[in-house]
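To start, the structure under review is shown below, and the notes come after it.
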Amino acid sequence: MNPDNHQTLNWLGYLWADKGENLDEARQFIEKAVKLDPDNGAYLDSLGWVLFKLGQAKEALPHLRRAVELEKGDATVVDHLVAVLTALGKPDEAQALKEKFAKPAAK
């Protein structure tokens with residue numbers, strides 16, 4: 001693996017984070033990807049998600065807030081932020097976020 005391929009670093013790190021595996025290594029990979037491409041919303045989402053999986057919801061919050069902005073309310077990113085807000089005891093903010101980005105029902 002090319003150690004500076006930020007796409008691969010993020011992809012593998014996110015895959016592990018989502019499965020709850022190799023979390024410390026996943027964090028290192030994702031942090032390197034973010035360092036190489038700091039305004040990539042997908043990478044910031046991955047960083048927030050791995051921090052959450054590591055039990056660091058408070059640290060995850062700013063990364064996920066920024067990711068939601070950059071990724072224009074991508075459903076997965078919003079779900080990650082909702083999970084973190086809920087874990088931090090902010091259910092009203094989580095609900096407001098879900099409502100803001102809810103897809104209208106099909107007619």
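Residue numbers start at 1 in each chain; chains themselves are named A, B, ... in the order of the structure tokens; ligands are numbered from 1 in the order shown.
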Can you check which parts of range 49-102 of chain A lie within 8 Å of range 13-29 of chain A? Per residue, the shortest pair of atoms and distance in Å to one decimal, counting only C-alpha atoms, sorted by chain and number, as CSV.
```
residue,atom,partner,partner_atom,distance
A:Trp49,CA,A:Ala17,CA,6.9
A:Val50,CA,A:Ala17,CA,5.1
A:Leu51,CA,A:Arg27,CA,7.4
A:Lys53,CA,A:Gly20,CA,6.6
A:Leu54,CA,A:Leu23,CA,6.8
```
| query | Near Asp37 in chain A, within 12 Å and counting only C-alpha atoms, which residues show up once chain neighbours fewer than 3 positions away are dropped, as a list in words? | reply |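 Neighbouring residues, sequence-local ones excluded: Asp4, Asn5, His6, Gln7, Leu9, Asn10, Ile30, Glu31, Lys32, Ala33, Val34, Asn40, Gly41, Ala42, Tyr43 and Leu44 of chain A.
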Hey, what's within 12 Å of range 87-90 of chain A if we count only C-alpha atoms and toss same-chain stuff fewer than 4 positions away? As number ranges by chain, please? A: 52-53, 55-61, 80-83, 94-97
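We find CA of Thr86 in chain A and CA of Ser46 in chain A to be spaced 18.0 Å apart.
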Report task. Between CA of Pro91 in chain A and CA of Leu70 in chain A, measure the distance and give it in Å to one decimal. Result ->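 Interatomic distance here is 22.9 Å.
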Counting only C-alpha atoms, the residue of A:Phe101, A:Asp92, A:Leu64, A:Trp11 that sits nearest Leu47 in chain A:
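For Leu47 in chain A, the nearest of the given residues is A:Leu64.
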For the structure I just gave you, how does DSSP split chain A - specifically, which residues are helix (DSSP H, G or I)? Reply as a ChimeraX atom specification. /A:6-19,23-36,41-53,57-70,75-87,91-101
A straight line from CA of Lys98 in chain A to CA of Pro38 in chain A spans 25.8 Å
Among A:Glu71, A:Arg65, A:Asp39, A:Asp45, Leu85 in chain A is approached most closely, using only C-alpha atoms, by A:Arg65
